[in-house]
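**Student:** The file below is my_file-v6.txt, compact mmCIF, C-alpha atoms:
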# COMPACT_ATOMS: atom_id res chain seq x y z
CA MET A 1 34.09 -2.39 -26.00
CA THR A 2 35.43 -0.24 -23.16
CA ILE A 3 35.10 -1.18 -19.49
CA SER A 4 32.44 1.52 -19.11
CA GLY A 5 30.53 0.10 -22.10
CA ARG A 6 30.75 -3.44 -20.74
CA LEU A 7 29.53 -2.28 -17.35
CA LYS A 8 26.53 -0.53 -18.90
CA ALA A 9 25.73 -3.60 -21.00
CA GLY A 10 25.98 -5.83 -17.94
CA LEU A 11 23.71 -3.57 -15.91
CA ALA A 12 21.21 -3.44 -18.77
CA ALA A 13 21.21 -7.24 -19.05
CA CYS A 14 20.69 -7.63 -15.28
CA THR A 15 17.84 -5.13 -15.39
CA VAL A 16 16.13 -6.97 -18.24
CA LEU A 17 16.59 -10.31 -16.43
CA VAL A 18 15.04 -8.98 -13.21
CA LEU A 19 12.12 -7.46 -15.09
CA VAL A 20 11.51 -10.75 -16.93
CA ILE A 21 11.59 -12.74 -13.67
CA VAL A 22 9.12 -10.34 -12.03
CA TYR A 23 6.70 -9.58 -14.83
CA VAL A 24 6.49 -12.78 -16.88
CA PRO A 25 4.71 -14.65 -14.03
CA LEU A 26 2.33 -11.71 -13.64
CA ALA A 27 1.63 -11.76 -17.35
CA LEU A 28 0.90 -15.49 -17.15
CA VAL A 29 -1.64 -14.87 -14.38
CA VAL A 30 -3.42 -12.32 -16.56
CA LEU A 31 -3.28 -14.60 -19.61
CA ASN A 32 -4.59 -17.60 -17.66
CA SER A 33 -7.59 -15.54 -16.56
CA PHE A 34 -8.68 -15.78 -20.23
CA ASN A 35 -7.54 -19.39 -20.78
CA VAL A 36 -10.38 -21.73 -21.80
CA SER A 37 -8.65 -24.64 -20.02
CA LYS A 38 -9.09 -25.12 -16.28
CA SER A 39 -5.71 -26.85 -16.17
CA PHE A 40 -4.08 -23.88 -17.93
CA ALA A 41 -2.61 -25.94 -20.76
CA TRP A 42 0.22 -24.15 -22.53
CA PRO A 43 -0.03 -22.67 -25.02
CA PRO A 44 -3.70 -21.78 -24.53
CA SER A 45 -6.01 -23.52 -26.98
CA GLY A 46 -8.32 -20.53 -26.87
CA LEU A 47 -9.37 -17.44 -24.95
CA THR A 48 -12.63 -16.81 -23.13
CA LEU A 49 -14.37 -14.34 -20.84
CA ARG A 50 -16.16 -17.18 -19.05
CA TRP A 51 -14.00 -16.96 -15.92
CA TRP A 52 -14.42 -13.19 -15.72
CA ASN A 53 -18.17 -13.65 -15.80
CA ALA A 54 -17.91 -16.33 -13.09
CA ALA A 55 -15.76 -14.04 -10.95
CA GLY A 56 -18.31 -11.25 -11.33
CA HIS A 57 -21.02 -13.57 -9.98
CA SER A 58 -18.86 -14.94 -7.13
CA THR A 59 -20.40 -13.78 -3.86
CA GLY A 60 -17.24 -14.60 -1.91
CA ALA A 61 -14.98 -12.65 -4.25
CA ARG A 62 -17.29 -9.61 -4.30
CA HIS A 63 -17.55 -9.56 -0.51
CA ALA A 64 -13.78 -9.93 -0.12
CA LEU A 65 -13.23 -7.08 -2.60
CA LEU A 66 -15.63 -4.85 -0.66
CA VAL A 67 -13.90 -5.65 2.64
CA SER A 68 -10.48 -4.89 1.13
CA VAL A 69 -11.66 -1.54 -0.24
CA GLU A 70 -13.31 -0.55 3.07
CA VAL A 71 -10.27 -1.58 5.11
CA GLY A 72 -7.93 0.22 2.73
CA LEU A 73 -9.92 3.45 2.81
CA LEU A 74 -10.28 3.49 6.60
CA ALA A 75 -6.64 2.55 7.24
CA THR A 76 -5.53 5.23 4.78
CA ALA A 77 -7.72 7.88 6.45
CA ILE A 78 -6.25 7.04 9.86
CA ALA A 79 -2.73 7.04 8.42
CA LEU A 80 -3.22 10.44 6.77
CA VAL A 81 -4.25 12.06 10.05
CA LEU A 82 -1.76 10.40 12.40
CA GLY A 83 1.12 10.27 9.91
CA THR A 84 0.78 13.98 9.10
CA MET A 85 0.59 14.95 12.76
CA ALA A 86 3.65 12.86 13.61
CA ALA A 87 5.67 14.21 10.68
CA MET A 88 4.87 17.84 11.54
CA ALA A 89 5.62 17.31 15.23
CA LEU A 90 9.01 15.73 14.53
CA GLN A 91 9.99 18.08 11.72
CA ARG A 92 8.87 21.39 13.19
CA ALA A 93 9.73 20.76 16.86
CA HIS A 94 13.09 19.95 18.45
CA PHE A 95 13.10 17.89 21.61
CA PHE A 96 15.13 15.21 23.33
CA GLY A 97 14.55 11.75 21.87
CA ARG A 98 13.18 12.99 18.54
CA ASN A 99 15.25 10.52 16.53
CA ALA A 100 14.14 7.65 18.76
CA VAL A 101 10.47 8.56 18.24
CA SER A 102 11.03 8.73 14.48
CA LEU A 103 12.59 5.25 14.54
CA LEU A 104 9.64 3.86 16.53
CA ILE A 105 7.20 5.25 13.95
CA ILE A 106 9.09 3.73 11.01
CA LEU A 107 9.79 0.38 12.71
CA PRO A 108 6.44 -1.37 11.97
CA ILE A 109 7.06 -1.41 8.22
CA ALA A 110 10.65 -2.62 8.68
CA LEU A 111 9.73 -5.58 10.91
CA PRO A 112 8.81 -8.93 9.31
CA GLY A 113 5.08 -9.07 8.72
CA ILE A 114 4.73 -12.29 10.68
CA VAL A 115 6.27 -10.63 13.75
CA THR A 116 3.98 -7.61 13.47
CA GLY A 117 0.94 -9.83 12.93
CA LEU A 118 1.73 -12.06 15.91
CA ALA A 119 2.37 -9.05 18.16
CA LEU A 120 -0.90 -7.38 17.16
CA ASN A 121 -2.81 -10.64 17.57
CA ASN A 122 -1.53 -10.99 21.14
CA ALA A 123 -2.26 -7.35 21.91
CA PHE A 124 -5.82 -7.47 20.56
CA THR A 125 -6.81 -10.75 22.19
CA THR A 126 -4.77 -10.81 25.41
CA ILE A 127 -4.31 -7.19 26.45
CA PHE A 128 -7.43 -5.50 25.08
CA GLY A 129 -9.73 -8.54 24.98
CA LEU A 130 -11.00 -7.74 21.49
CA SER A 131 -12.54 -10.19 19.06
CA LEU A 132 -10.61 -10.38 15.82
CA GLY A 133 -12.51 -8.98 12.86
CA PHE A 134 -12.98 -5.93 10.68
CA PHE A 135 -11.93 -3.41 13.35
CA THR A 136 -8.69 -5.20 14.20
CA ILE A 137 -7.79 -5.49 10.50
CA VAL A 138 -8.19 -1.72 10.06
CA VAL A 139 -6.05 -0.94 13.10
CA ALA A 140 -3.39 -3.44 12.02
CA HIS A 141 -3.21 -2.00 8.50
CA ALA A 142 -3.07 1.55 9.84
CA THR A 143 0.10 0.73 11.81
CA PHE A 144 2.17 0.32 8.65
CA CYS A 145 0.19 2.73 6.46
CA ILE A 146 1.14 5.52 8.89
CA VAL A 147 4.78 4.97 7.97
CA THR A 148 4.13 5.65 4.28
CA VAL A 149 2.32 8.92 4.97
CA PHE A 150 4.88 9.90 7.61
CA ASN A 151 7.81 9.44 5.21
CA ASN A 152 6.12 11.36 2.38
CA VAL A 153 5.07 14.29 4.56
CA GLN A 154 8.39 14.48 6.39
CA ALA A 155 10.30 14.49 3.10
CA ARG A 156 8.13 17.36 1.85
CA LEU A 157 8.49 19.34 5.08
CA ARG A 158 12.27 19.08 4.84
CA ARG A 159 12.14 20.75 1.42
CA MET A 160 9.71 23.42 2.57
CA SER A 161 10.84 26.67 4.11
CA SER A 162 9.09 27.57 7.35
CA SER A 163 9.14 31.27 6.42
CA LEU A 164 5.58 31.25 5.06
CA GLU A 165 4.24 29.64 8.23
CA GLU A 166 6.19 32.12 10.35
CA ALA A 167 4.84 35.02 8.30
CA SER A 168 1.30 33.72 8.77
CA ALA A 169 1.83 33.53 12.53
CA ASP A 170 3.33 37.06 12.58
CA LEU A 171 0.17 38.33 10.85
CA GLY A 172 -1.92 36.92 13.68
CA ALA A 173 -3.23 33.73 12.10
CA ARG A 174 -4.06 30.86 14.41
CA PRO A 175 -2.10 27.60 14.02
CA SER A 176 -5.16 25.89 12.50
CA THR A 177 -5.61 28.74 10.00
CA THR A 178 -1.92 28.60 9.07
CA PHE A 179 -2.15 24.87 8.50
CA TRP A 180 -5.23 24.97 6.24
CA LEU A 181 -4.26 28.06 4.24
CA VAL A 182 -0.47 27.75 4.09
CA THR A 183 0.87 24.32 5.06
CA TYR A 184 -1.83 22.04 3.68
CA PRO A 185 -1.72 23.39 0.07
CA LEU A 186 2.04 22.76 0.03
CA LEU A 187 1.59 19.24 1.42
CA ARG A 188 -1.38 18.27 -0.73
CA SER A 189 0.46 16.25 -3.39
CA ALA A 190 2.63 14.53 -0.77
CA LEU A 191 -0.50 13.56 1.17
CA LEU A 192 -2.15 12.26 -2.00
CA ALA A 193 0.93 10.20 -2.90
CA GLY A 194 1.20 8.84 0.64
CA GLY A 195 -2.50 8.03 0.72
CA LEU A 196 -2.37 6.17 -2.59
CA LEU A 197 0.65 4.13 -1.50
CA SER A 198 -1.02 3.38 1.83
CA PHE A 199 -4.16 2.13 0.11
CA ALA A 200 -2.09 -0.06 -2.23
CA LEU A 201 -0.16 -1.54 0.72
CA SER A 202 -3.36 -2.23 2.62
CA PHE A 203 -5.22 -3.63 -0.36
CA ASP A 204 -2.77 -6.45 -1.08
CA GLU A 205 -1.52 -7.18 2.47
CA ILE A 206 -1.96 -10.79 3.62
CA ILE A 207 0.50 -11.72 6.40
CA VAL A 208 -0.59 -9.24 9.07
CA THR A 209 -4.21 -9.68 7.97
CA THR A 210 -4.02 -13.43 8.52
CA PHE A 211 -3.17 -12.87 12.20
CA THR A 212 -5.73 -10.13 12.82
CA ALA A 213 -8.78 -11.08 10.73
CA GLY A 214 -10.14 -13.96 12.78
CA GLY A 215 -12.47 -16.39 11.06
CA HIS A 216 -15.28 -14.01 10.14
CA GLU A 217 -13.69 -11.55 7.69
CA GLN A 218 -11.86 -12.15 4.43
CA THR A 219 -9.93 -9.59 2.45
CA LEU A 220 -9.27 -10.22 -1.22
CA PRO A 221 -5.70 -11.59 -0.77
CA ILE A 222 -6.92 -14.04 1.91
CA TRP A 223 -9.79 -15.15 -0.33
CA ILE A 224 -7.31 -15.79 -3.15
CA PHE A 225 -5.02 -17.83 -0.89
CA GLN A 226 -7.84 -19.94 0.51
CA ASN A 227 -9.30 -20.73 -2.93
CA LEU A 228 -6.03 -21.15 -4.79
CA PHE A 229 -5.88 -24.94 -4.42
CA ARG A 230 -9.55 -25.63 -5.11
CA PRO A 231 -9.74 -26.93 -8.71
CA ASN A 232 -13.16 -25.44 -9.41
CA GLN A 233 -12.09 -22.03 -8.13
CA THR A 234 -8.64 -21.77 -9.70
CA PRO A 235 -9.78 -19.97 -12.91
CA VAL A 236 -11.76 -17.47 -10.85
CA VAL A 237 -8.73 -16.97 -8.60
CA ASN A 238 -6.68 -16.00 -11.66
CA VAL A 239 -9.30 -13.42 -12.61
CA VAL A 240 -9.33 -11.96 -9.10
CA ALA A 241 -5.51 -11.96 -9.03
CA ALA A 242 -5.40 -10.13 -12.37
CA THR A 243 -7.84 -7.56 -11.00
CA LEU A 244 -5.72 -7.21 -7.88
CA ILE A 245 -2.62 -6.55 -10.00
CA VAL A 246 -4.35 -3.65 -11.75
CA LEU A 247 -5.93 -2.22 -8.59
CA SER A 248 -2.56 -2.31 -6.81
CA ALA A 249 -0.54 -0.93 -9.71
CA VAL A 250 -2.73 2.08 -10.51
CA PRO A 251 -2.35 3.96 -7.18
CA ILE A 252 1.38 3.19 -7.09
CA TRP A 253 1.79 4.58 -10.63
CA ILE A 254 -0.16 7.73 -9.75
CA ALA A 255 1.89 8.21 -6.58
CA GLN A 256 5.11 7.84 -8.57
CA ARG A 257 3.94 10.39 -11.12
CA LEU A 258 3.10 12.83 -8.33
CA SER A 259 6.54 12.35 -6.79
CA GLU A 260 8.23 12.96 -10.15
CA THR A 261 6.17 16.11 -10.66
CA ASP A 262 7.16 17.37 -7.22
CA VAL A 263 10.85 16.73 -7.92
CA VAL A 264 10.65 18.58 -11.25
CA GLY A 265 8.77 21.44 -9.60
CA ALA A 266 11.31 21.65 -6.80
CA GLY A 267 14.14 21.65 -9.32
Could you render the structure from this file as structure tokens?
**Tutor:**
Amino acid sequence: MTISGRLKAGLAACTVLVLVIVYVPLALVVLNSFNVSKSFAWPPSGLTLRWWNAAGHSTGARHALLVSVEVGLLATAIALVLGTMAAMALQRAHFFGRNAVSLLIILPIALPGIVTGLALNNAFTTIFGLSLGFFTIVVAHATFCIVTVFNNVQARLRRMSSSLEEASADLGARPSTTFWLVTYPLLRSALLAGGLLSFALSFDEIIVTTFTAGGHEQTLPIWIFQNLFRPNQTPVVNVVAATLIVLSAVPIWIAQRLSETDVVGAG
């Protein structure tokens, strides 16, 4: 075998190993959601839908799911508006300190979640005097969801020629008309991909949420963590975790497909 062949074989083996390490535990979570044993004896002595029925009748799990969906949708809506505005301002305008502003926008998603959560907790409670709850969770999630939309829109704007927008302005169209009739159709798939990724990030976020939720609201990840070590709730937790895997994976897969389509179209 040549050096090139050995290198390819080594890379393939490493890839398979990483995929096994990541996805085998996830597969076990899904399998245990059907396991008849509460102790998750291996191999399973049988499969059942009992725990899925119990999860469907769990008031706490349903409420946590609803909170996660509402927070995700609101945070994504805020991120779509602010992230798009920021991307267009930085990409279409040239001013002193533009790179510094871009770095400040991206920074929240690069910082450790515990640092961001602690900073937001102090800001909400000490500076603004707010009570931690649903509103503070939405604002906290929007801070890092903005980055996802910002990156997607900015990447699209870099590939777009400004000639169509300039032609629209030369024909007398107002900036708002140019945006809705020219810019927005070209950004639509990037906005959809950014929105889907933002929702997925918000839906399964736990560290920042822990610092900004207070004691009155529970998102689905927090509900899972708090019930994980309760013996009677463990089977239900596996069901909720399996559901969370699917709900998180679907928007990410759609966003990836949109990105691939855009790359093919651009090529």
**Student:** Give me, please, the distance in Å between atom CA of Val240 of chain A and atom CA of Gly60 of chain A, quoted to one decimal.
**Tutor:**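 Atom-to-atom, atom CA of Val240 of chain A and atom CA of Gly60 of chain A are spaced 11.0 Å apart.
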**Student:** Using all atoms listed in the file, pick whichever of A:Leu11, A:Gln218, A:Leu74, A:Ile106 has the shortest atom-to-atom distance to Ala87 of chain A.
**Tutor:**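 With all atoms listed in the file as the atom set, the closest residue is A:Ile106.
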**Student:** Could you tell me which of A:Thr59, A:Ala190, A:Pro44, A:Val147 comes closest to Arg159 of chain A if we count all atoms listed in the file?
**Tutor:** A:Ala190
**Student:** Between A:Ala123, A:Ile137, A:Ala13, A:Ile254, which is the closest to His216 of chain A once you count all atoms listed in the file?
**Tutor:**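 For His216 of chain A, the nearest of the given residues is A:Ile137.
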**Student:** A:Leu201, A:Leu66, A:Val153, A:Leu28: which is nearest Trp42 of chain A, counting only C-alpha atoms?
**Tutor:** A:Leu28
**Student:** Please list as a count of residues only every residue within 12 Å of segment 179-188 of chain A, counting all atoms listed in the file and excluding residues in the same chain fewer than 2 positions away.
**Tutor:** 42
**Student:** Could you jot down the atom CA of Ser189 of chain A to atom CA of Asp170 of chain A separation for me, Å, one decimal place?
**Tutor:**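 One can read the atom CA of Ser189 of chain A to atom CA of Asp170 of chain A distance as 26.4 Å.
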**Student:** Rank nothing, just name the residue among A:Ile78, A:Ala242, A:Ala255, A:Ala100 nearest to Val29 of chain A, using only C-alpha atoms.
**Tutor:**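 The closest residue to Val29 of chain A is A:Ala242.
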**Student:** As an exercise, work out the distance from atom CA of Ile222 of chain A to atom CA of Leu104 of chain A in Å and give it to one decimal place.
**Tutor:**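 Atom CA of Leu104 of chain A lies at a distance of 28.4 Å from atom CA of Ile222 of chain A.
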**Student:** Looking at A:Trp223, A:Leu197, A:Ile146, A:Ile252, which one is nearest to Gly83 of chain A, with distances taken over all atoms listed in the file?
**Tutor:**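 Nearest to Gly83 of chain A: A:Ile146.
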**Student:** I want to know what sits within 12 Å of Leu31 of chain A, based on only C-alpha atoms, with residues of the same chain fewer than 4 positions away left out; could you give that as a ChimeraX atom specification?
**Tutor:** /A:24-27,35-37,40-49,51-52,235,238-239,241-242
**Student:** Around (5.1, -0.8, 8.7) in the file's own coordinates, what residues are found within 6 Å if you use all atoms listed in the file, given back as a list in words?
**Tutor:**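 Counting all atoms listed in the file, I find these residues within 6 Å of (5.1, -0.8, 8.7): Pro108, Ile109, Ala110, Phe144 and Val147 of chain A.
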